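This is upload-v7.cif. It holds mmCIF, C-alpha atoms.
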```
data_query
#
loop_
_atom_site.label_atom_id
_atom_site.label_comp_id
_atom_site.auth_asym_id
_atom_site.auth_seq_id
_atom_site.Cartn_x
_atom_site.Cartn_y
_atom_site.Cartn_z
CA MET A 185 -11.93 29.47 -7.95
CA PHE A 186 -13.49 27.22 -10.56
CA LYS A 187 -10.20 27.00 -12.40
CA SER A 188 -8.30 25.91 -9.30
CA LEU A 189 -10.90 23.22 -8.65
CA ILE A 190 -10.47 21.88 -12.19
CA LEU A 191 -6.72 21.90 -11.65
CA ILE A 192 -7.06 19.91 -8.43
CA LEU A 193 -9.42 17.45 -10.10
CA MET A 194 -7.29 16.87 -13.17
CA GLY A 195 -4.14 16.83 -11.08
CA GLY A 196 -5.57 13.93 -9.10
CA VAL A 197 -6.70 12.04 -12.17
CA LEU A 198 -3.73 12.45 -14.46
CA ILE A 199 -0.64 14.07 -12.98
CA ASN A 200 -0.39 12.88 -9.40
CA ASN A 201 -2.16 9.63 -10.12
CA TYR A 202 -2.07 7.82 -6.77
CA VAL A 203 -1.46 4.37 -8.16
CA LEU A 204 0.92 5.12 -10.98
CA GLN A 205 2.91 8.04 -9.61
CA GLN A 206 2.64 7.90 -5.82
CA PHE A 207 2.39 4.18 -5.13
CA LEU A 208 -0.71 4.27 -2.99
CA GLY A 209 -3.30 1.52 -3.26
CA ILE A 210 -1.08 -0.95 -5.09
CA CYS A 211 -2.64 -4.06 -3.57
CA PRO A 212 -6.08 -3.67 -5.18
CA PHE A 213 -4.42 -2.30 -8.30
CA LEU A 214 -2.50 -5.53 -8.81
CA GLY A 215 -5.03 -7.81 -7.16
CA VAL A 216 -8.38 -6.90 -8.66
CA SER A 217 -7.34 -5.85 -12.16
CA LYS A 218 -7.62 -9.16 -13.95
CA LYS A 219 -11.00 -8.43 -15.52
CA VAL A 220 -12.24 -5.06 -16.69
CA ASN A 221 -15.63 -5.30 -14.97
CA GLN A 222 -14.02 -6.12 -11.62
CA ALA A 223 -11.64 -3.23 -12.10
CA VAL A 224 -14.57 -0.89 -12.68
CA GLY A 225 -16.38 -2.21 -9.58
CA MET A 226 -13.33 -1.76 -7.40
CA GLY A 227 -12.58 1.67 -8.84
CA VAL A 228 -16.11 2.93 -8.28
CA ALA A 229 -16.16 1.52 -4.74
CA VAL A 230 -12.84 3.20 -3.90
CA THR A 231 -14.00 6.55 -5.32
CA PHE A 232 -17.21 6.28 -3.31
CA VAL A 233 -15.41 5.42 -0.06
CA MET A 234 -12.85 8.19 -0.62
CA LEU A 235 -15.63 10.76 -0.97
CA VAL A 236 -17.47 9.51 2.11
CA ALA A 237 -14.22 9.28 4.11
CA THR A 238 -13.18 12.82 3.21
CA ALA A 239 -16.64 14.14 4.01
CA ALA A 240 -16.23 12.64 7.49
CA THR A 241 -12.54 13.14 8.26
CA TRP A 242 -12.17 16.76 7.11
CA PRO A 243 -14.79 18.18 9.53
CA ILE A 244 -13.55 15.91 12.32
CA TYR A 245 -9.99 17.15 11.93
CA THR A 246 -10.86 20.81 11.39
CA TYR A 247 -13.48 21.27 14.10
CA ILE A 248 -12.63 18.67 16.72
CA LEU A 249 -9.00 17.59 16.54
CA PHE A 250 -7.26 20.76 15.41
CA PRO A 251 -5.16 22.18 17.02
CA LYS A 252 -5.20 20.58 20.43
CA TYR A 253 -5.44 16.92 19.46
CA ALA A 254 -3.88 17.08 15.99
CA TYR A 255 -1.46 14.31 16.92
CA LEU A 256 -4.38 11.87 17.09
CA GLN A 257 -4.93 12.29 13.35
CA THR A 258 -3.66 8.87 12.24
CA ILE A 259 -5.47 6.85 14.88
CA VAL A 260 -8.76 8.73 14.54
CA PHE A 261 -8.74 8.68 10.74
CA ILE A 262 -8.16 4.96 10.44
CA LEU A 263 -10.90 4.23 12.97
CA VAL A 264 -13.34 6.61 11.29
CA ILE A 265 -12.65 5.07 7.89
CA ALA A 266 -12.97 1.51 9.19
CA THR A 267 -16.27 2.28 10.92
CA LEU A 268 -17.54 4.21 7.97
CA VAL A 269 -16.90 1.39 5.53
CA GLN A 270 -18.85 -0.99 7.76
CA PHE A 271 -21.63 1.55 8.11
CA VAL A 272 -21.83 2.22 4.37
CA GLU A 273 -21.99 -1.52 3.81
CA ILE A 274 -24.92 -1.92 6.18
CA VAL A 275 -26.79 1.08 4.78
CA LEU A 276 -26.32 -0.03 1.19
CA LYS A 277 -27.41 -3.56 2.02
CA ARG A 278 -30.57 -2.30 3.67
CA PHE A 279 -31.63 0.53 1.36
CA ILE A 280 -29.95 0.21 -2.04
CA PRO A 281 -29.48 -3.54 -2.54
CA SER A 282 -28.66 -3.17 -6.24
CA LEU A 283 -25.70 -0.93 -5.50
CA PHE A 284 -24.67 -3.23 -2.66
CA LYS A 285 -24.66 -6.13 -5.04
CA ALA A 286 -22.36 -4.26 -7.39
CA LEU A 287 -19.96 -2.82 -4.82
CA GLY A 288 -20.53 -4.95 -1.73
CA VAL A 289 -17.76 -7.46 -2.21
CA TYR A 290 -15.17 -4.76 -2.66
CA LEU A 291 -16.07 -2.68 0.38
CA PRO A 292 -14.41 -4.70 3.17
CA LEU A 293 -11.23 -4.76 1.11
CA ILE A 294 -11.05 -1.01 1.12
CA THR A 295 -10.88 -0.54 4.89
CA THR A 296 -7.14 -0.98 4.97
CA ASN A 297 -6.45 0.51 1.56
CA CYS A 298 -3.66 3.01 1.91
CA ALA A 299 -5.04 5.21 -0.86
CA VAL A 300 -8.13 6.04 1.19
CA LEU A 301 -6.19 6.94 4.33
CA GLY A 302 -3.61 8.65 2.14
CA VAL A 303 -6.11 10.95 0.48
CA ALA A 304 -7.65 11.86 3.84
CA ILE A 305 -4.23 12.76 5.28
CA ASN A 306 -3.03 14.55 2.14
CA ASN A 307 -6.14 16.72 2.00
CA ILE A 308 -5.32 18.00 5.48
CA SER A 309 -1.59 18.45 4.88
CA ASP A 310 -2.22 20.28 1.58
CA GLY A 311 -4.38 22.78 3.46
CA PHE A 312 -7.47 22.30 1.29
CA ASN A 313 -10.84 23.67 2.35
CA PHE A 314 -13.86 21.37 2.39
CA VAL A 315 -14.88 21.83 -1.24
CA GLU A 316 -11.31 21.47 -2.47
CA SER A 317 -10.89 18.33 -0.36
CA MET A 318 -13.99 16.75 -1.85
CA VAL A 319 -12.88 17.64 -5.39
CA SER A 320 -9.41 16.30 -4.73
CA SER A 321 -10.85 13.02 -3.39
CA LEU A 322 -13.05 12.76 -6.45
CA GLY A 323 -10.04 13.35 -8.68
CA VAL A 324 -7.91 10.79 -6.88
CA GLY A 325 -10.76 8.26 -6.99
CA LEU A 326 -11.33 8.79 -10.70
CA GLY A 327 -7.59 8.54 -11.27
CA PHE A 328 -7.62 5.20 -9.45
CA LEU A 329 -10.56 4.05 -11.59
CA LEU A 330 -8.79 5.15 -14.78
CA ALA A 331 -5.58 3.37 -13.84
CA MET A 332 -7.47 0.20 -12.89
CA VAL A 333 -9.42 0.08 -16.15
CA LEU A 334 -6.40 0.85 -18.35
CA PHE A 335 -4.32 -1.71 -16.55
CA ALA A 336 -7.05 -4.37 -16.70
CA GLY A 337 -7.05 -3.89 -20.47
CA VAL A 338 -3.29 -4.30 -20.65
CA ARG A 339 -3.41 -7.28 -18.36
CA SER A 340 -5.98 -9.22 -20.36
CA ARG A 341 -3.46 -9.12 -23.21
CA ILE A 342 -0.59 -10.26 -21.02
CA GLU A 343 -2.48 -13.36 -19.91
CA ASN A 344 -2.20 -14.80 -23.39
CA ILE A 345 1.47 -14.24 -24.13
CA LYS A 346 4.36 -16.56 -23.44
CA THR A 347 7.04 -15.28 -21.10
CA LEU A 348 10.11 -16.73 -19.47
CA LYS A 349 9.15 -19.07 -16.69
CA SER A 350 10.57 -16.94 -13.92
CA PHE A 351 8.74 -13.86 -15.24
CA GLN A 352 5.33 -15.52 -15.24
CA GLY A 353 2.63 -14.09 -13.03
CA LEU A 354 3.59 -11.13 -10.88
CA PRO A 355 6.88 -9.99 -12.49
CA VAL A 356 5.48 -9.51 -15.96
CA THR A 357 2.46 -7.73 -14.44
CA LEU A 358 4.77 -5.32 -12.61
CA ILE A 359 6.75 -4.60 -15.75
CA ALA A 360 3.52 -3.87 -17.60
CA ALA A 361 2.53 -1.53 -14.74
CA SER A 362 5.84 0.23 -15.20
CA ILE A 363 5.09 0.88 -18.87
CA VAL A 364 1.57 2.12 -18.06
CA ALA A 365 3.10 4.45 -15.43
CA MET A 366 5.55 5.76 -17.99
CA SER A 367 2.73 6.64 -20.34
CA PHE A 368 1.23 8.90 -17.65
CA TYR A 369 4.35 11.07 -17.74
CA GLY A 370 2.99 12.49 -20.97
CA PHE A 371 0.35 14.33 -18.96
CA SER A 372 2.64 16.33 -16.69
CA GLY A 373 2.45 19.96 -17.70
CA VAL A 374 -0.43 19.42 -20.09
CA ILE A 375 -3.19 20.53 -17.72
CA GLU A 376 -1.55 23.78 -16.62
CA GLY A 377 -0.84 24.52 -20.28
CA LEU A 378 -4.48 24.01 -21.24
CA LEU A 379 -5.85 26.37 -18.61
CA ALA A 380 -3.15 29.02 -18.71
CA MET B 40 14.13 -24.52 22.01
CA LYS B 41 16.70 -21.92 21.16
CA ASN B 42 16.99 -23.27 17.64
CA ASN B 43 13.28 -22.90 17.30
CA LYS B 44 13.48 -19.18 18.06
CA LEU B 45 16.33 -18.77 15.62
CA ALA B 46 14.33 -20.61 12.98
CA ILE B 47 11.43 -18.19 13.41
CA LEU B 48 13.83 -15.30 13.03
CA LEU B 49 15.51 -16.66 9.90
CA LYS B 50 12.23 -17.65 8.28
CA GLY B 51 11.22 -14.01 8.09
CA ILE B 52 14.46 -12.96 6.50
CA ILE B 53 14.81 -15.54 3.74
CA GLU B 54 12.25 -18.27 3.41
CA GLU B 55 9.17 -16.14 4.00
CA ASN B 56 10.58 -12.75 3.12
CA PRO B 57 7.51 -10.49 3.46
CA VAL B 58 8.25 -8.44 0.36
CA LEU B 59 9.90 -10.81 -2.08
CA ILE B 60 8.10 -14.05 -1.26
CA LEU B 61 4.84 -13.16 0.49
CA VAL B 62 4.46 -9.97 -1.61
CA LEU B 63 3.09 -7.91 1.26
CA GLY B 64 3.61 -4.22 1.85
CA THR B 65 4.08 -3.33 -1.77
CA CYS B 66 3.19 0.35 -1.39
CA PRO B 67 6.09 1.42 0.87
CA THR B 68 8.40 -0.95 -0.98
CA LEU B 69 7.84 0.93 -4.19
CA ALA B 70 7.38 4.40 -2.76
CA THR B 71 10.32 4.80 -0.40
CA THR B 72 13.05 3.02 -2.35
CA GLY B 73 14.04 5.93 -4.57
CA ASN B 74 17.13 6.35 -2.41
CA VAL B 75 18.89 4.23 0.17
CA ILE B 76 18.45 6.60 3.11
CA SER B 77 14.67 6.81 2.91
CA ALA B 78 14.44 3.05 2.34
CA PHE B 79 16.57 2.44 5.44
CA SER B 80 14.47 4.79 7.57
CA MET B 81 11.26 3.22 6.35
CA GLY B 82 12.57 -0.28 7.06
CA ILE B 83 13.65 0.62 10.58
CA ALA B 84 10.40 2.49 11.32
CA ALA B 85 8.22 -0.37 10.13
CA THR B 86 10.37 -2.91 12.01
CA LEU B 87 9.98 -1.02 15.29
CA VAL B 88 6.22 -0.80 14.88
CA LEU B 89 6.04 -4.46 13.89
CA ILE B 90 8.02 -5.67 16.93
CA CYS B 91 5.99 -3.56 19.37
CA SER B 92 2.62 -4.42 17.86
CA ASN B 93 3.46 -8.12 17.65
CA ALA B 94 4.48 -8.10 21.32
CA VAL B 95 1.38 -6.29 22.54
CA ILE B 96 -1.03 -8.26 20.37
CA SER B 97 0.55 -11.48 21.54
CA LEU B 98 0.24 -10.38 25.18
CA LEU B 99 -3.41 -9.52 24.67
CA ARG B 100 -4.25 -12.54 22.56
CA LYS B 101 -6.42 -14.10 25.25
CA VAL B 102 -8.15 -10.81 26.09
CA ILE B 103 -9.17 -9.55 22.65
CA PRO B 104 -12.49 -11.08 21.54
CA ASP B 105 -12.25 -12.85 18.24
CA THR B 106 -15.05 -10.96 16.53
CA VAL B 107 -13.60 -7.47 17.00
CA ARG B 108 -9.95 -8.39 16.73
CA ILE B 109 -9.17 -6.50 13.52
CA PRO B 110 -10.28 -3.08 14.87
CA CYS B 111 -8.34 -3.81 18.07
CA TYR B 112 -5.19 -4.60 16.09
CA ILE B 113 -5.60 -1.44 14.05
CA VAL B 114 -5.89 0.68 17.20
CA ILE B 115 -2.78 -0.90 18.72
CA ILE B 116 -0.78 -0.44 15.51
CA ALA B 117 -2.03 3.12 15.03
CA GLY B 118 -1.00 3.91 18.60
CA PHE B 119 2.58 2.80 17.98
CA VAL B 120 2.69 4.62 14.64
CA THR B 121 1.53 7.83 16.31
CA ALA B 122 4.20 7.48 18.99
CA LEU B 123 6.83 6.91 16.31
CA GLN B 124 5.63 9.91 14.33
CA MET B 125 5.94 12.14 17.38
CA LEU B 126 9.41 10.81 18.23
CA LEU B 127 10.68 11.28 14.69
CA GLN B 128 9.16 14.75 14.44
CA ALA B 129 10.92 15.74 17.62
CA TYR B 130 14.33 14.14 17.16
CA LEU B 131 14.82 13.40 13.44
CA PRO B 132 12.70 16.00 11.61
CA SER B 133 14.56 15.53 8.31
CA ILE B 134 13.54 11.87 8.18
CA TYR B 135 10.01 12.77 9.25
CA ASP B 136 9.77 15.15 6.28
CA MET B 137 11.35 12.67 3.88
CA LEU B 138 8.94 9.84 4.67
CA GLY B 139 5.96 12.20 4.72
CA VAL B 140 2.61 10.53 4.38
CA TYR B 141 4.16 7.07 4.14
CA LEU B 142 5.06 7.22 7.82
CA ALA B 143 1.41 7.52 8.79
CA LEU B 144 0.59 4.84 6.26
CA ILE B 145 2.56 2.25 8.24
CA VAL B 146 -0.81 1.82 9.96
CA VAL B 147 -2.23 0.15 6.89
CA ASN B 148 0.98 -1.68 6.00
CA CYS B 149 -0.06 -5.15 5.01
CA ILE B 150 2.92 -6.78 6.73
CA ILE B 151 2.09 -5.54 10.21
CA LEU B 152 -1.61 -6.42 10.17
CA GLY B 153 -0.77 -9.63 8.35
CA ARG B 154 1.74 -10.77 10.98
CA ALA B 155 -0.67 -9.89 13.78
CA GLU B 156 -3.33 -12.01 12.16
CA MET B 157 -1.12 -14.88 11.01
CA PHE B 158 1.37 -15.15 13.83
CA ALA B 159 1.07 -12.96 16.91
CA ARG B 160 -2.46 -13.90 17.86
CA LYS B 161 -1.59 -17.59 18.04
CA ASN B 162 1.91 -17.55 19.54
CA PRO B 163 3.57 -16.62 22.84
CA VAL B 164 5.22 -13.25 23.32
CA LEU B 165 8.85 -14.18 22.77
CA ASP B 166 8.11 -16.06 19.54
CA SER B 167 6.04 -13.13 18.30
CA VAL B 168 8.84 -10.69 19.04
CA MET B 169 11.28 -12.94 17.18
CA ASP B 170 8.86 -13.13 14.28
CA GLY B 171 8.61 -9.34 14.30
CA VAL B 172 12.39 -8.97 14.28
CA GLY B 173 12.78 -11.50 11.47
CA MET B 174 10.02 -10.09 9.31
CA GLY B 175 11.27 -6.57 9.99
CA ILE B 176 14.79 -7.43 8.93
CA GLY B 177 13.41 -9.22 5.87
CA PHE B 178 11.46 -6.10 4.97
CA LEU B 179 14.51 -3.91 5.55
CA VAL B 180 16.76 -6.14 3.44
CA ALA B 181 14.29 -6.16 0.56
CA LEU B 182 13.90 -2.38 0.73
CA LEU B 183 17.65 -1.85 0.78
CA LEU B 184 18.11 -4.18 -2.16
CA MET B 185 15.53 -2.29 -4.20
CA ALA B 186 16.87 1.09 -3.14
CA THR B 187 20.47 0.15 -3.93
CA VAL B 188 19.58 -0.92 -7.45
CA ARG B 189 17.45 2.16 -8.03
CA GLU B 190 19.88 4.66 -6.55
CA VAL B 191 23.11 3.22 -7.98
CA PHE B 192 21.76 2.84 -11.51
CA GLY B 193 19.38 5.79 -11.34
CA THR B 194 21.53 8.55 -9.87
CA ALA B 195 25.02 7.01 -9.84
CA SER B 196 25.31 7.41 -6.09
CA PHE B 197 24.91 5.34 -2.95
CA ALA B 198 23.24 6.87 0.12
CA GLY B 199 24.05 10.30 -1.27
CA ASN B 200 27.73 9.63 -2.06
CA SER B 201 28.37 9.69 -5.77
CA ILE B 202 30.11 6.73 -7.38
CA PRO B 203 32.85 7.57 -9.92
CA PHE B 204 32.43 6.48 -13.57
CA MET B 205 28.85 5.34 -12.98
CA GLU B 206 27.44 8.71 -14.01
CA TYR B 207 27.98 7.93 -17.69
CA PHE B 208 25.61 5.01 -17.42
CA LYS B 209 22.86 6.30 -15.19
CA ILE B 210 19.20 5.69 -16.01
CA PRO B 211 17.28 8.48 -14.25
CA ILE B 212 13.84 6.94 -14.75
CA LEU B 213 14.73 4.18 -12.28
CA THR B 214 14.35 6.59 -9.37
CA GLN B 215 10.91 7.62 -10.60
CA ALA B 216 7.62 5.79 -10.44
CA PRO B 217 7.92 3.53 -13.51
CA GLY B 218 11.40 2.46 -12.43
CA GLY B 219 9.99 1.28 -9.11
CA TYR B 220 7.62 -1.14 -10.79
CA LEU B 221 10.33 -2.24 -13.20
CA VAL B 222 12.98 -3.01 -10.56
CA PHE B 223 10.43 -4.76 -8.35
CA GLY B 224 9.30 -6.90 -11.28
CA PHE B 225 12.87 -7.95 -12.03
CA LEU B 226 13.63 -8.67 -8.37
CA ILE B 227 10.61 -10.96 -8.04
CA ALA B 228 11.59 -12.68 -11.26
CA LEU B 229 15.06 -13.21 -9.84
CA MET B 230 13.57 -14.69 -6.66
CA ASN B 231 11.42 -17.00 -8.78
CA LYS B 232 14.51 -18.12 -10.66
CA LEU B 233 16.40 -18.84 -7.43
CA ASN B 234 13.42 -20.72 -6.02
CA GLN B 235 13.16 -22.81 -9.16
CA LYS B 236 16.80 -23.77 -8.81
CA ARG B 237 16.21 -24.91 -5.26
CA GLY B 238 13.40 -27.07 -6.54
CA GLY B 239 10.47 -25.73 -4.57
CA VAL B 240 8.62 -23.43 -6.91
CA LYS B 241 6.26 -21.36 -4.86
CA LYS B 242 3.56 -19.96 -7.01
CA LYS B 243 2.94 -16.46 -5.86
CA SER B 244 0.28 -14.25 -7.22
CA PHE B 245 -2.10 -11.78 -5.74
CA SER B 246 -4.94 -13.65 -4.15
CA CYS B 247 -6.57 -13.71 -0.77
CA GLU B 248 -3.37 -15.20 0.59
CA GLY B 249 -1.36 -12.15 -0.30
CA CYS B 250 -4.04 -9.65 0.59
CA PRO B 251 -3.78 -7.61 3.78
CA SER B 252 -7.50 -7.53 4.40
CA ALA B 253 -8.10 -11.17 3.61
CA SER B 254 -8.71 -11.85 7.27
CA ALA B 255 -11.04 -8.91 7.59
CA CYS B 256 -13.14 -9.76 4.60
CA HIS B 257 -13.48 -13.48 5.33
CA GLY B 258 -12.71 -14.46 1.78
CA SER B 259 -15.44 -12.28 0.36
CA CYS B 260 -12.93 -10.94 -2.13
CA GLU B 261 -12.28 -14.37 -3.48
CA LYS B 262 -16.00 -14.94 -3.62
CA GLY B 263 -16.22 -11.60 -5.36
CA VAL B 264 -13.60 -12.60 -7.84
CA LYS B 265 -15.52 -15.76 -8.59
CA GLU B 266 -18.84 -13.94 -8.79
CA GLY B 267 -17.21 -11.36 -11.01
CA GLU B 268 -16.05 -14.09 -13.30
CA ALA B 269 -19.49 -15.62 -13.35
CA ASN B 270 -20.91 -12.27 -14.40
CA VAL B 271 -18.70 -12.04 -17.47
#
```
Would you give me this structure, written as structure tokens?
Amino acid sequence: MFKSLILILMGGVLINNYVLQQFLGICPFLGVSKKVNQAVGMGVAVTFVMLVATAATWPIYTYILFPKYAYLQTIVFILVIATLVQFVEIVLKRFIPSLFKALGVYLPLITTNCAVLGVAINNISDGFNFVESMVSSLGVGLGFLLAMVLFAGVRSRIENIKTLKSFQGLPVTLIAASIVAMSFYGFSGVIEGLLA
Amino acid sequence: MKNNKLAILLKGIIEENPVLILVLGTCPTLATTGNVISAFSMGIAATLVLICSNAVISLLRKVIPDTVRIPCYIVIIAGFVTALQMLLQAYLPSIYDMLGVYLALIVVNCIILGRAEMFARKNPVLDSVMDGVGMGIGFLVALLLMATVREVFGTASFAGNSIPFMEYFKIPILTQAPGGYLVFGFLIALMNKLNQKRGGVKKKSFSCEGCPSASACHGSCEKGVKEGEANV
């Protein structure tokens, strides 16, 4: 039981990294990764929203939608996530202003982040129970955070180098992302080997 | 008048190509272009949703209150995506399985919400439909371009049919995740080069302009970026 949870967690962080291997949540990955501290803020906010979203969408799907209204999954999930993000924003603003100050600016951006909806849908389609779903969301969130921070580091170096004119800006960033993604291939197989 | 409609259509395909120029909808662009067939299905699926949602949002543009417009758009788009999911599941199950979670994720595709916000809510129905068709074809063309490069050089085949002699030169990593970023990077660089030649260099980077939720967050991200910089 414990072992399978670790596997799910590490799988989300390293092997099936959403950004680098599955192409979910690319917009914030490329958009908010210029500075390391912004990358951390965004990563933490995404992890937080993923956990809250899974905590809400899993029970809704399992106890209300399934099996009669399962086809409403997409429409209900996106609405729940959008409302939830607004709600979390209001609650944080009112009760934990310090946390709101740190994460607040990133929250509205996350509403339409495909990684959040993706993790909610994948948890259902992978047949996880509630605990597994939460662990998987945590893993995916941490994986997002890791990718953001690593990439922000790489990117701060890129800013200072000279490239061909047509490669300036986005293209060179994408090529750097490709190399970072390649480095994550080293992890496939490692986790199962460690726990076997 | 007719020229005007044609201009809207063409703008989406070349001048304002959603993927290569506006840099919207990056996730499906990278994720579904491992082979030509899935790229084609994704392009068609997104185009259908885009045309329908543009039409409906344009029809309702005087009814939807400004303050709650984003949730309304999301509901309309999600409705069409759900209908499409059910149709594909019933009639083309192989494509439904191939696109997997990315089909549902059309809901949060930046292009569709972006076009609703930038075009459909300000323009009459016919123009919005034309815009949807143009942007959809632009998206499809960009996806096919990416997928062709990745499949031909990655697996030495095109849409599943193998190409003779190419197999000695194939680069398998192109069909995998890093290859997606790489090919996309080179394609954008190529577009930059072509744009430079034509004179008008459009500086494109990720900013609020290229962000799907820019409208929803009222520039708070840009504020955030600035605040973040001030905190350094």
Given the choices B:Ile145, B:Leu226, B:Ile113, B:Leu45, which gets closest to Leu182 in chain B if the distance is worked out from only C-alpha atoms?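 Among the listed residues, the smallest separation from Leu182 in chain B belongs to B:Leu226.
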Report as a ChimeraX atom specification the full result of the PyMOL selection byres ((chain B and resi 169) around 9) when it is applied to this structure. /B:44-45,47-48,90,164-168,170-174
Find the residues near range 358-370 of chain A: any atom within 9 Å, counting only C-alpha atoms, skip ones fewer than 2 places away on the same chain, and give them as a VMD selection string. (chain A and resid 198 to 199 201 203 to 205 214 331 334 to 335 338 to 339 342 354 to 356 372 to 374) or (chain B and resid 212 216 to 225)
Quick check: residues of chain A within 9 Å of chain B, only C-alpha atoms, returned as a PyMOL selection string. chain A and resi 204-212+214-216+219+221-222+255-260+262-263+266-267+288-298+301-302+305-306+309+349-366
Give me, please, the distance in Å between CA of Leu183 in chain B and CA of Leu61 in chain B, quoted to one decimal. 17.1 Å
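Computed from the coordinates, the CA of Asn313 in chain A to CA of Ile190 in chain A distance equals 14.7 Å.
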Residue IDs satisfying the PyMOL selection byres ((chain A and resi 228-238) around 8), as a list in words: Val224, Gly225, Met226, Gly227, Ala239, Ala240, Thr241, Trp242, Val264, Ile265, Leu268, Val269, Leu287, Tyr290, Leu291, Ile294, Val300, Val303, Ala304, Ser317, Met318, Ser321, Leu322, Val324, Gly325, Leu326, Phe328 and Leu329 of chain A
Can you tell me how far CA of Leu99 in chain B sits from CA of Thr86 in chain B, in Å to one decimal? 19.8 Å
Measuring between all atoms listed in the file, which one of A:Ile308, A:Leu348, A:Ile192, A:Glu343 shows the shortest distance to Ile244 in chain A?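 The closest residue to Ile244 in chain A is A:Ile308.
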List, as a PyMOL selection string, every residue that the PyMOL selection byres ((chain B and resi 96) around 8) selects in the file provided. chain B and resi 92-95+97-100+112+115+155+159-160
Please produce an output containing C-alpha atoms for each residue in the selection, written as a tab-separated table (two decimals), in the coordinates of the input.
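And here's again06.tsv as it stands now:
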```tsv
chain	number	residue	atom	x	y	z
B	92	SER	CA	2.62	-4.42	17.86
B	93	ASN	CA	3.46	-8.12	17.65
B	94	ALA	CA	4.48	-8.10	21.32
B	95	VAL	CA	1.38	-6.29	22.54
B	97	SER	CA	0.55	-11.48	21.54
B	98	LEU	CA	0.24	-10.38	25.18
B	99	LEU	CA	-3.41	-9.52	24.67
B	100	ARG	CA	-4.25	-12.54	22.56
B	112	TYR	CA	-5.19	-4.60	16.09
B	115	ILE	CA	-2.78	-0.90	18.72
B	155	ALA	CA	-0.67	-9.89	13.78
B	159	ALA	CA	1.07	-12.96	16.91
B	160	ARG	CA	-2.46	-13.90	17.86
```
